[in-house]
>>> print(open('work.txt').read())   # compact mmCIF, C-alpha atoms
# COMPACT_ATOMS: atom_id res chain seq x y z
CA MET J 1 132.62 34.93 71.74
CA SER J 2 136.30 35.89 71.29
CA ARG J 3 138.04 38.32 73.62
CA SER J 4 138.59 40.76 70.76
CA ASN J 5 134.83 40.95 70.01
CA GLN J 6 134.00 41.57 73.69
CA SER J 7 136.52 44.38 73.87
CA GLN J 8 135.16 45.94 70.71
CA ARG J 9 131.62 45.84 72.08
CA ARG J 10 132.68 47.52 75.31
CA LEU J 11 134.37 50.26 73.34
CA ASN J 12 131.17 50.78 71.34
CA TYR J 13 129.12 51.11 74.57
CA LEU J 14 131.58 53.64 75.97
CA GLY J 15 131.46 55.58 72.73
CA VAL J 16 127.65 55.76 72.82
CA ILE J 17 127.73 56.92 76.47
CA MET J 18 130.31 59.63 75.72
CA ILE J 19 128.33 60.90 72.73
CA THR J 20 125.13 60.98 74.82
CA LEU J 21 126.84 62.91 77.63
CA SER J 22 128.32 65.37 75.15
CA LEU J 23 124.90 65.99 73.63
CA CYS J 24 123.36 66.56 77.09
CA VAL J 25 126.06 69.05 78.06
CA GLY J 26 125.71 70.86 74.76
CA ILE J 27 121.93 71.10 75.06
CA THR J 28 122.26 72.37 78.66
CA ILE J 29 124.69 75.09 77.59
CA ILE J 30 122.46 76.16 74.73
CA MET J 31 119.38 76.28 77.02
CA PHE J 32 121.28 78.33 79.60
CA MET J 33 122.41 80.82 76.95
CA VAL J 34 118.88 81.18 75.62
CA PHE J 35 117.46 81.56 79.16
CA THR J 36 119.93 84.25 80.19
CA TYR J 37 119.31 86.08 76.92
CA LEU J 38 115.54 86.06 77.43
CA HIS J 39 115.65 86.64 81.23
CA PRO J 40 118.78 88.64 82.02
CA THR J 41 117.28 90.32 85.11
CA ILE J 42 116.97 87.00 86.95
CA PHE J 43 120.59 86.12 86.30
CA CYS J 44 121.78 89.63 87.19
CA THR J 45 119.76 89.70 90.38
CA SER J 46 121.45 86.48 91.53
CA ILE J 47 124.89 87.97 90.94
CA ARG J 48 123.79 91.28 92.50
CA SER J 49 122.54 89.57 95.65
CA LEU J 50 125.95 87.96 96.11
CA ALA J 51 127.70 91.28 95.56
CA ILE J 52 125.72 93.09 98.26
CA LYS J 53 125.68 90.24 100.73
CA ASP J 54 127.99 92.00 103.15
CA VAL J 55 126.09 95.28 102.81
CA THR J 56 122.71 93.80 103.63
CA GLN J 57 123.90 91.55 106.42
CA THR J 58 123.15 94.23 109.02
CA ASN J 59 119.47 94.06 108.14
CA ARG J 60 119.22 90.32 108.81
CA ASN J 61 118.85 88.61 112.17
CA VAL J 62 119.31 91.85 114.09
CA THR J 63 120.36 91.32 117.70
CA ILE J 64 120.89 93.76 120.52
CA SER J 65 124.43 93.65 121.84
CA ASN J 66 126.88 95.98 123.54
CA SER J 67 128.82 96.37 120.29
CA SER J 68 125.71 97.38 118.34
CA ILE J 69 124.83 99.88 121.05
CA GLN J 70 128.31 101.38 120.98
CA SER J 71 128.20 101.68 117.17
CA ARG J 72 125.27 104.06 117.47
CA GLN J 73 126.66 106.35 120.17
CA ARG J 74 126.95 110.04 119.35
CA ASN J 75 128.55 112.85 121.32
CA GLY J 76 125.49 114.00 123.18
CA ASP J 77 121.79 114.43 122.39
CA ASP J 78 121.48 118.20 122.29
CA GLY J 79 122.92 119.23 118.97
CA GLU J 80 126.58 118.26 119.55
CA TYR J 81 126.72 116.12 116.43
CA ASN J 82 129.58 114.70 114.42
CA LEU J 83 129.14 116.85 111.32
CA ARG J 84 129.84 116.34 107.65
CA ASN J 85 129.49 118.89 104.87
CA TYR J 86 126.70 118.28 102.37
CA ASN J 87 126.13 120.78 99.57
CA GLY J 88 127.28 123.60 101.80
CA PHE J 89 125.21 122.54 104.80
CA HIS J 90 126.18 120.53 107.84
CA PHE J 91 124.59 117.21 108.75
CA ARG J 92 125.39 114.52 111.25
CA ALA J 93 127.43 111.68 109.80
CA PRO J 94 125.24 108.56 109.77
CA HIS J 95 126.44 105.33 111.33
CA ASN J 96 128.45 102.90 109.22
CA ASP J 97 125.73 100.26 109.09
CA ILE J 98 123.25 102.89 107.90
CA VAL J 99 125.59 104.26 105.24
CA ALA J 100 125.79 100.86 103.63
CA SER J 101 122.06 100.37 103.17
CA SER J 102 121.05 103.95 102.43
CA SER J 103 123.82 104.69 99.94
CA LEU J 104 122.85 101.72 97.79
CA ASN J 105 119.16 102.16 98.56
CA ILE J 106 119.02 98.36 98.62
CA THR J 107 118.37 96.07 101.54
CA SER J 108 116.96 92.64 102.18
CA ASN J 109 114.05 91.19 104.07
CA THR J 110 112.36 87.83 104.22
CA THR J 111 111.17 88.18 100.62
CA GLY J 112 114.62 88.91 99.14
CA ILE J 113 115.92 92.12 97.59
CA CYS J 114 113.79 95.26 97.91
CA ASN J 115 114.16 99.03 97.76
CA LEU J 116 114.45 101.00 101.01
CA ILE J 117 111.59 103.52 101.21
CA THR J 118 112.35 106.90 102.79
CA LYS J 119 109.66 109.16 101.27
CA ILE J 120 106.86 108.84 103.81
CA VAL J 121 103.74 110.72 104.86
CA TYR J 122 102.36 109.46 108.15
CA ILE J 123 98.95 110.79 109.17
CA LYS J 124 98.64 110.69 112.94
CA THR J 125 95.27 109.95 114.50
CA HIS J 126 94.57 110.94 118.10
CA LYS J 127 94.85 108.34 120.87
CA THR J 128 95.63 105.37 118.66
CA GLY J 129 99.26 104.66 119.55
CA SER J 130 100.20 107.18 116.89
CA THR J 131 102.79 108.97 119.04
CA THR J 132 104.82 105.81 119.52
CA LEU J 133 104.66 105.16 115.78
CA ALA J 134 105.69 108.74 114.98
CA SER J 135 108.83 108.37 117.10
CA ILE J 136 109.75 105.23 115.12
CA PHE J 137 109.62 107.21 111.88
CA GLN J 138 111.53 110.10 113.44
CA ARG J 139 114.28 107.88 114.79
CA PHE J 140 114.71 106.26 111.38
CA GLY J 141 114.94 109.60 109.59
CA TYR J 142 117.07 111.26 112.26
CA HIS J 143 119.80 108.64 111.93
CA ARG J 144 119.77 108.87 108.13
CA ASN J 145 119.78 112.65 107.81
CA LEU J 146 116.38 112.66 106.12
CA LEU J 147 114.59 115.99 105.78
CA PHE J 148 111.43 116.38 107.87
CA ALA J 149 108.59 118.77 107.18
CA LEU J 150 107.98 120.30 110.63
CA PRO J 151 105.23 122.60 111.92
CA LYS J 152 106.13 126.24 112.51
CA ARG J 153 105.16 125.93 116.15
CA ASN J 154 104.89 123.07 118.68
CA HIS J 155 104.18 119.60 117.26
CA LEU J 156 100.94 120.24 115.32
CA PHE J 157 100.59 121.64 111.81
CA HIS J 158 97.03 122.65 112.66
CA ASP J 159 94.36 121.27 114.95
CA VAL J 160 91.24 122.05 112.90
CA LYS J 161 92.37 123.15 109.42
CA LEU J 162 93.30 120.80 106.60
CA PHE J 163 97.02 120.62 105.96
CA SER J 164 98.59 123.37 103.87
CA ARG J 165 102.18 123.97 102.76
CA LYS J 166 101.95 127.30 104.56
CA PHE J 167 102.06 125.46 107.90
CA ILE J 168 105.60 124.14 107.35
CA THR J 169 108.75 125.58 108.92
CA PRO J 170 110.58 127.21 105.99
CA TRP J 171 114.07 126.20 104.95
CA PRO J 172 116.66 128.84 103.95
CA ALA J 173 116.23 129.78 100.30
CA LYS J 174 119.72 128.63 99.28
CA PHE J 175 119.15 125.18 100.73
CA ALA J 176 115.68 124.87 99.19
CA LYS J 177 117.08 125.27 95.67
CA SER J 178 119.06 122.05 95.91
CA HIS J 179 116.39 120.21 97.91
CA PRO J 180 112.94 120.99 96.47
CA HIS J 181 111.10 118.37 98.54
CA TYR J 182 111.10 116.85 102.00
CA ASP J 183 111.54 113.18 102.84
CA MET J 184 109.11 112.73 105.73
CA LEU J 185 106.07 114.35 107.32
CA VAL J 186 104.98 112.65 110.55
CA ASN J 187 103.67 115.37 112.90
CA HIS J 188 99.93 115.88 113.38
CA ALA J 189 98.41 117.09 110.12
CA LEU J 190 94.81 116.86 108.90
CA TYR J 191 94.94 114.79 105.73
CA ASN J 192 94.80 116.88 102.56
CA ARG J 193 96.25 114.86 99.69
CA PRO J 194 96.74 117.61 97.06
CA GLU J 195 98.81 119.76 99.43
CA LEU J 196 100.76 116.82 100.81
CA GLU J 197 101.67 115.67 97.29
CA LYS J 198 103.28 119.04 96.62
CA VAL J 199 105.44 118.70 99.72
CA ILE J 200 106.48 115.04 99.26
CA PRO J 201 105.62 113.73 95.78
CA ASN J 202 105.28 109.97 95.30
CA ALA J 203 105.38 109.30 99.04
CA THR J 204 104.25 106.14 100.80
CA TYR J 205 101.18 106.91 102.96
CA VAL J 206 100.62 105.30 106.36
CA THR J 207 98.13 105.81 109.18
CA ILE J 208 96.78 103.91 112.19
CA LEU J 209 93.29 103.26 113.57
CA ARG J 210 91.88 102.08 116.88
CA ASP J 211 88.57 100.54 117.95
CA PRO J 212 86.26 103.60 118.16
CA VAL J 213 84.96 102.58 121.59
CA SER J 214 88.34 102.55 123.31
CA GLN J 215 89.62 105.44 121.18
CA LEU J 216 86.84 107.84 122.26
CA GLU J 217 87.09 106.80 125.90
CA SER J 218 90.85 107.37 125.78
CA ALA J 219 90.49 110.77 124.11
CA PHE J 220 87.81 111.81 126.61
CA GLY J 221 90.11 111.05 129.53
CA TYR J 222 93.43 112.23 128.11
CA PHE J 223 92.13 115.56 126.77
CA GLU J 224 90.03 116.07 129.90
CA MET J 225 86.92 116.76 127.88
CA ALA J 226 84.80 116.65 131.04
CA LYS J 227 86.16 120.08 131.97
CA GLY J 228 84.90 121.65 128.76
CA MET J 229 81.52 120.01 129.26
CA GLY J 230 81.21 121.14 132.87
CA LEU J 231 81.29 117.53 134.09
CA SER J 232 84.65 117.38 135.83
CA LYS J 233 83.10 117.20 139.30
CA LYS J 234 80.54 114.58 138.34
CA GLN J 235 80.80 110.85 138.94
CA GLU J 236 81.22 108.90 135.67
CA PRO J 237 81.36 112.00 133.43
CA PHE J 238 81.94 109.92 130.30
CA GLU J 239 78.72 107.99 130.85
CA ILE J 240 76.82 111.25 131.41
CA PHE J 241 78.19 112.59 128.13
CA MET J 242 77.20 109.48 126.20
CA ASN J 243 73.68 109.49 127.62
CA ASN J 244 73.05 112.77 125.77
CA PRO J 245 76.07 113.52 123.56
CA LEU J 246 74.42 116.13 121.34
CA HIS J 247 73.61 118.28 124.35
CA TYR J 248 77.29 118.66 125.23
CA TYR J 249 78.67 118.44 121.69
CA THR J 250 76.63 121.40 120.45
CA ARG J 251 77.47 123.73 123.33
CA LYS J 252 78.96 126.94 121.95
CA ASP J 253 81.66 127.07 124.61
CA TYR J 254 82.80 123.49 123.99
CA ASN J 255 85.99 123.51 121.88
CA MET J 256 86.78 119.83 121.38
CA LYS J 257 84.07 118.87 118.93
CA THR J 258 86.47 117.41 116.38
CA ARG J 259 87.84 114.95 118.96
CA SER J 260 84.48 114.07 120.47
CA ARG J 261 82.83 112.42 117.46
CA ASN J 262 84.39 110.41 114.62
CA GLY J 263 87.78 111.85 115.53
CA GLN J 264 89.70 109.38 113.38
CA LEU J 265 87.71 110.24 110.27
CA PHE J 266 88.31 113.91 111.01
CA ASP J 267 92.08 113.39 111.25
CA LEU J 268 91.86 111.75 107.82
CA GLY J 269 90.27 114.85 106.33
CA PHE J 270 86.54 114.14 106.67
CA ASP J 271 84.14 117.04 107.17
CA PRO J 272 82.42 116.56 110.58
CA LYS J 273 79.30 118.27 109.25
CA LEU J 274 78.69 115.11 107.21
CA ALA J 275 78.66 112.82 110.25
CA ASN J 276 75.12 111.61 109.48
CA ASP J 277 75.72 111.13 105.74
CA THR J 278 76.48 107.43 105.34
CA ASN J 279 77.16 107.74 101.61
CA ALA J 280 79.72 110.49 102.20
CA ILE J 281 81.39 108.38 104.89
CA ARG J 282 81.61 105.34 102.62
CA ALA J 283 83.00 107.46 99.79
CA LYS J 284 85.68 108.79 102.14
CA ILE J 285 86.57 105.27 103.25
CA ASP J 286 86.91 104.16 99.63
CA ALA J 287 89.19 107.12 98.93
CA ILE J 288 91.40 106.30 101.93
CA ASP J 289 91.57 102.68 100.80
CA LYS J 290 92.88 103.75 97.41
CA GLU J 291 95.23 106.49 98.63
CA PHE J 292 96.94 104.85 101.62
CA ASP J 293 99.57 102.13 101.31
CA LEU J 294 99.04 100.82 104.83
CA VAL J 295 96.41 101.37 107.51
CA MET J 296 97.70 99.91 110.75
CA ILE J 297 95.53 98.66 113.63
CA SER J 298 96.39 99.80 117.14
CA GLU J 299 95.12 96.66 118.85
CA TYR J 300 97.61 94.67 116.76
CA PHE J 301 100.51 97.09 116.95
CA ASP J 302 103.33 94.56 116.64
CA GLU J 303 101.61 92.78 113.76
CA SER J 304 101.14 96.16 112.08
CA LEU J 305 104.84 96.93 112.43
CA ILE J 306 105.74 93.68 110.70
CA LEU J 307 103.58 94.76 107.75
CA LEU J 308 105.22 98.20 107.87
CA LYS J 309 108.70 96.67 107.89
CA LYS J 310 107.95 94.70 104.74
CA LEU J 311 106.25 97.61 103.00
CA LEU J 312 109.17 99.98 103.62
CA CYS J 313 111.92 97.37 103.29
CA TRP J 314 113.20 98.25 106.77
CA SER J 315 114.98 96.04 109.30
CA PHE J 316 113.78 94.76 112.67
CA ASP J 317 116.09 97.28 114.29
CA ASP J 318 114.25 100.11 112.53
CA ILE J 319 110.85 99.25 114.05
CA LEU J 320 111.87 98.60 117.66
CA TYR J 321 110.03 100.80 120.15
CA ILE J 322 109.27 101.55 123.77
CA SER J 323 105.75 102.77 124.44
CA ASN J 324 105.66 106.51 125.14
CA GLY J 325 103.21 106.24 128.01
CA ILE J 326 100.33 104.41 129.65
CA ARG J 327 97.27 106.41 130.62
CA SER J 328 96.90 106.72 134.39
CA GLN J 329 93.96 105.16 136.21
CA SER J 330 92.71 108.61 137.24
CA HIS J 331 91.98 109.40 133.59
CA ARG J 332 90.17 106.18 132.72
CA ASN J 333 86.44 105.58 132.53
CA THR J 334 84.36 102.49 133.08
CA ILE J 335 82.76 101.15 129.89
CA THR J 336 79.74 98.89 130.20
CA ASP J 337 78.18 96.91 127.33
CA ASP J 338 75.35 99.42 127.18
CA LEU J 339 77.84 102.27 126.96
CA LYS J 340 79.69 100.52 124.13
CA LYS J 341 76.48 100.43 122.08
CA LYS J 342 75.94 104.15 122.62
CA ILE J 343 79.51 104.95 121.61
CA ARG J 344 79.19 102.94 118.41
CA LEU J 345 75.99 104.74 117.48
CA TRP J 346 77.53 108.14 118.22
CA ASN J 347 80.78 107.24 116.44
CA ALA J 348 79.12 105.39 113.55
CA GLY J 349 81.49 106.90 111.00
CA ASP J 350 84.59 105.76 112.83
CA VAL J 351 83.01 102.32 113.28
CA LEU J 352 82.55 101.95 109.51
CA LEU J 353 86.12 103.17 108.98
CA TYR J 354 87.62 100.80 111.53
CA ASN J 355 85.64 97.75 110.41
CA HIS J 356 86.68 98.25 106.79
CA PHE J 357 90.39 98.51 107.50
CA ASN J 358 90.32 95.79 110.14
CA GLU J 359 89.28 93.46 107.31
CA THR J 360 91.94 94.71 104.90
CA PHE J 361 94.53 94.41 107.68
CA TRP J 362 94.01 90.67 108.11
CA ARG J 363 93.95 90.25 104.36
CA LYS J 364 97.43 91.79 104.20
CA ILE J 365 98.67 89.42 106.89
CA THR J 366 97.39 86.48 104.83
CA GLU J 367 99.13 87.85 101.75
CA TYR J 368 102.37 88.26 103.73
CA GLY J 369 102.85 84.51 103.65
CA SER J 370 104.14 81.79 105.93
CA ASP J 371 107.03 83.91 107.24
CA PHE J 372 104.71 86.23 109.16
CA LYS J 373 104.56 84.16 112.36
CA THR J 374 108.34 83.69 112.41
CA ASP J 375 108.98 87.39 111.81
CA LEU J 376 106.53 88.37 114.55
CA GLU J 377 108.16 86.01 117.04
CA THR J 378 111.62 87.34 116.13
CA PHE J 379 110.47 90.92 116.55
CA ARG J 380 108.86 90.30 119.93
CA ARG J 381 112.00 88.59 121.15
CA LEU J 382 114.02 91.64 120.14
CA GLU J 383 111.43 93.91 121.76
CA LYS J 384 111.81 92.04 125.04
CA ASP J 385 115.60 92.37 124.83
CA VAL J 386 115.26 96.15 124.33
CA PHE J 387 112.78 96.55 127.19
CA ASP J 388 114.91 94.47 129.58
CA LYS J 389 118.04 96.39 128.63
CA CYS J 390 116.67 99.93 128.47
CA ILE J 391 113.91 100.24 131.09
CA GLU J 392 114.35 100.45 134.85
CA LYS J 393 112.11 97.87 136.46
CA ASP J 394 109.49 98.86 139.04
CA LYS J 395 109.91 102.59 138.50
CA VAL J 396 107.37 104.84 136.78
CA ASN J 397 107.46 108.54 135.93
CA THR J 398 104.18 110.15 137.08
CA LYS J 399 104.97 113.84 136.48
CA ASP J 400 102.18 114.02 133.90
CA LYS J 401 99.04 113.14 135.85
CA ARG J 402 97.39 111.92 132.65
CA GLU J 403 99.81 109.07 132.00
CA ASP J 404 102.45 106.87 133.60
CA LYS J 405 105.74 106.73 131.74
CA TYR J 406 108.57 104.25 131.87
CA THR J 407 111.98 105.26 133.21
CA LEU J 408 115.25 104.62 131.43
CA ASN J 409 117.75 102.26 132.99
CA PRO J 410 120.49 104.53 134.42
CA LYS J 411 123.10 101.85 133.70
CA GLN J 412 122.63 102.39 129.97
CA THR J 413 124.72 105.50 129.44
CA GLY J 414 124.90 105.36 125.65
CA THR J 415 122.39 106.89 123.25
CA TYR J 416 120.92 103.66 121.89
CA CYS J 417 118.25 103.28 124.59
CA ARG J 418 117.58 107.01 124.69
CA ASP J 419 117.01 107.06 120.94
CA ILE J 420 114.42 104.28 121.15
CA PHE J 421 112.82 105.75 124.28
CA ARG J 422 112.64 109.33 122.97
CA GLY J 423 109.08 110.46 122.15
CA ASP J 424 107.86 112.44 119.17
CA LEU J 425 107.88 115.78 121.02
CA ALA J 426 111.52 115.31 121.96
CA TYR J 427 112.41 114.25 118.42
CA THR J 428 110.60 117.28 117.00
CA SER J 429 112.62 119.51 119.32
CA LEU J 430 115.84 117.73 118.36
CA LEU J 431 115.11 118.16 114.66
CA ARG J 432 114.42 121.87 115.18
CA LYS J 433 117.88 122.21 116.71
CA GLN J 434 119.32 120.49 113.66
CA TYR J 435 117.53 123.03 111.47
CA LYS J 436 119.21 125.84 113.39
CA VAL J 437 122.61 124.24 112.82
CA ILE J 438 121.90 124.22 109.09
CA SER J 439 120.58 127.76 108.77
CA THR J 440 122.83 129.68 111.18
CA PRO J 441 125.96 129.99 108.97
CA HIS J 442 123.96 131.72 106.24
CA ASN J 443 122.21 134.29 108.42
CA SER J 444 119.31 134.12 105.99
CA THR J 445 116.23 136.14 106.83
CA LYS J 446 114.29 135.07 103.77
CA GLY J 447 112.55 131.76 104.17
CA HIS J 448 111.36 129.35 101.57
CA THR J 449 108.59 126.81 102.01
CA LYS J 450 109.68 123.70 100.20
CA GLY J 451 107.32 122.24 97.67
CA LYS J 452 105.91 125.56 96.40
>>> encode(input="work.txt", output="structure tokens")
Amino acid sequence: MSRSNQSQRRLNYLGVIMITLSLCVGITIIMFMVFTYLHPTIFCTSIRSLAIKDVTQTNRNVTISNSSIQSRQRNGDDGEYNLRNYNGFHFRAPHNDIVASSSLNITSNTTGICNLITKIVYIKTHKTGSTTLASIFQRFGYHRNLLFALPKRNHLFHDVKLFSRKFITPWPAKFAKSHPHYDMLVNHALYNRPELEKVIPNATYVTILRDPVSQLESAFGYFEMAKGMGLSKKQEPFEIFMNNPLHYYTRKDYNMKTRSRNGQLFDLGFDPKLANDTNAIRAKIDAIDKEFDLVMISEYFDESLILLKKLLCWSFDDILYISNGIRSQSHRNTITDDLKKKIRLWNAGDVLLYNHFNETFWRKITEYGSDFKTDLETFRRLEKDVFDKCIEKDKVNTKDKREDKYTLNPKQTGTYCRDIFRGDLAYTSLLRKQYKVISTPHNSTKGHTKGK
């Protein structure tokens, strides 16, 4: 074969290859144009995630460092805030890292882009770790200038009556016009969905439950129920109560009935008169299942917080905590296997409630996916860092005889540790002071209950 024929053949091969490549590129471009036309949100989300990369970085791989502590320091804890003007009212200026996420209302977690949730109703249940959880919500809202619905007095909306808008501390009328609804309600309130909806429409609902055996024993000791039953001088008063609970429960002078039987169901709005009506109990449980976005489990508090973090699109930093207190030995009772059986029979409603949501809890963990274990390990590592940094070792505050409380490390002079350590009562007091800062300049005597 001549050299000229070989050269011609090579040129033909190259021509075929070039034509083939051109066709492939053309088809790829056409497919891309069709895809982006049919699915623009996917393409836009990719560009959007790049655009907010710097904004969301503070919500990833959160670590505790001196610089992060300093970034959160304010001038004092007792109302001496750095103020900014907002619609004629003064609020604390939020920290720079918080401005970024809250202003865009976008953040990131292990599942990608999500919307930060700030409209929350948290129904506290007695002696379930609910106080620690309440302080987490309060810290989050406090640093973001969110508006809290607070009780008119102390830290309870009402101990025995279902929640009503009338129980809320009123805002000044001028302020209420521009802010018709609150952001958060986290103080003790007996669950009453219709009234709560009027205060915070379209809120995310959260609560927490505890094994009814340990919950009742804890409530009995902490609230010193033995005194009301005339058993305070007896040995093993809790066992005496459980041997004949109706005898003490029905006493006319006993005023803790709602905490002595199915207390968790009661906090969730169940009528205690229906304690023996299994159908009514199951109907209530079904309603709670439909109406609540997350029911946390006290025995798996850290795991519950990981679920909460994902639900609300919060960061690890947002869910860090230091337990508010550990019940003292003097207020604990011995629980035998026989006593456990009696408690479960007496608290049958709470047992049905707990068992149902214990099952749904583990289902949610399964649905979370393979990242759950990694996220839990990361969170616990951060928790240990906070505890080691913020708490003074080998020192306990025993002023309240009912519980032993941790003591802050005196070397940590900034507000970071104090903010995490602060309990719900202290946060409620702090928020009340903020309310006074807002209302004082207007000298308004006419109140307005938001949500009316």
>>> residues_around(input="work.txt", residues="Leu268 (chain J)", least_positions_apart="4", cutoff="12 Å", atoms="only C-alpha atoms", output="ChimeraX atom specification")
/J:122-126,160-163,188-193,205-209,258,262-264,272,281,284-285,287-289,291-292,295,349-350,353
>>> atom_distance(input="work.txt", atom1="CA of Gln412 (chain J)", atom2="CA of Asp317 (chain J)")
17.7 Å
>>> atom_distance(input="work.txt", atom1="CA of Trp314 (chain J)", atom2="CA of Thr118 (chain J)")
9.6 Å
>>> residues_around(input="work.txt", residues="Thr204 (chain J)", least_positions_apart="6", cutoff="7 Å", atoms="only C-alpha atoms", output="ChimeraX atom specification")
/J:119-121,293
>>> residues_around(input="work.txt", residues="region 244-255 of chain J", least_positions_apart="6", cutoff="8 Å", atoms="all atoms listed in the file", output="CSV table (one decimal) with C-alpha atoms, in the frame of the given file")
chain,number,residue,atom,x,y,z
J,228,GLY,CA,84.9,121.6,128.8
J,229,MET,CA,81.5,120.0,129.3
J,346,TRP,CA,77.5,108.1,118.2
>>> closest_atom_pairs(input="work.txt", of="region 349-394 of chain J", to="region 210-220 of chain J", cutoff="9 Å", atoms="all atoms listed in the file", output="CSV")
residue,atom,partner,partner_atom,distance
J:Asp350,CA,J:Pro212,CA,6.0
J:Val351,CA,J:Pro212,CA,6.0
J:Tyr354,CA,J:Asp211,CA,6.5
J:Asn355,CA,J:Asp211,CA,8.6
>>> residues_around(input="work.txt", residues="Phe301 (chain J)", least_positions_apart="6", cutoff="12 Å", atoms="all atoms listed in the file", output="ChimeraX atom specification")
/J:128-130,132-133,207-210,295,307-308,319-323,361,376,379-380
>>> closest_residue(input="work.txt", among="J:Glu377, J:Glu195, J:Asp424, J:Asp388", to="Ser135 (chain J)", atoms="all atoms listed in the file")
J:Asp424
>>> atom_distance(input="work.txt", atom1="CA of Lys273 (chain J)", atom2="CA of Val186 (chain J)")
26.3 Å
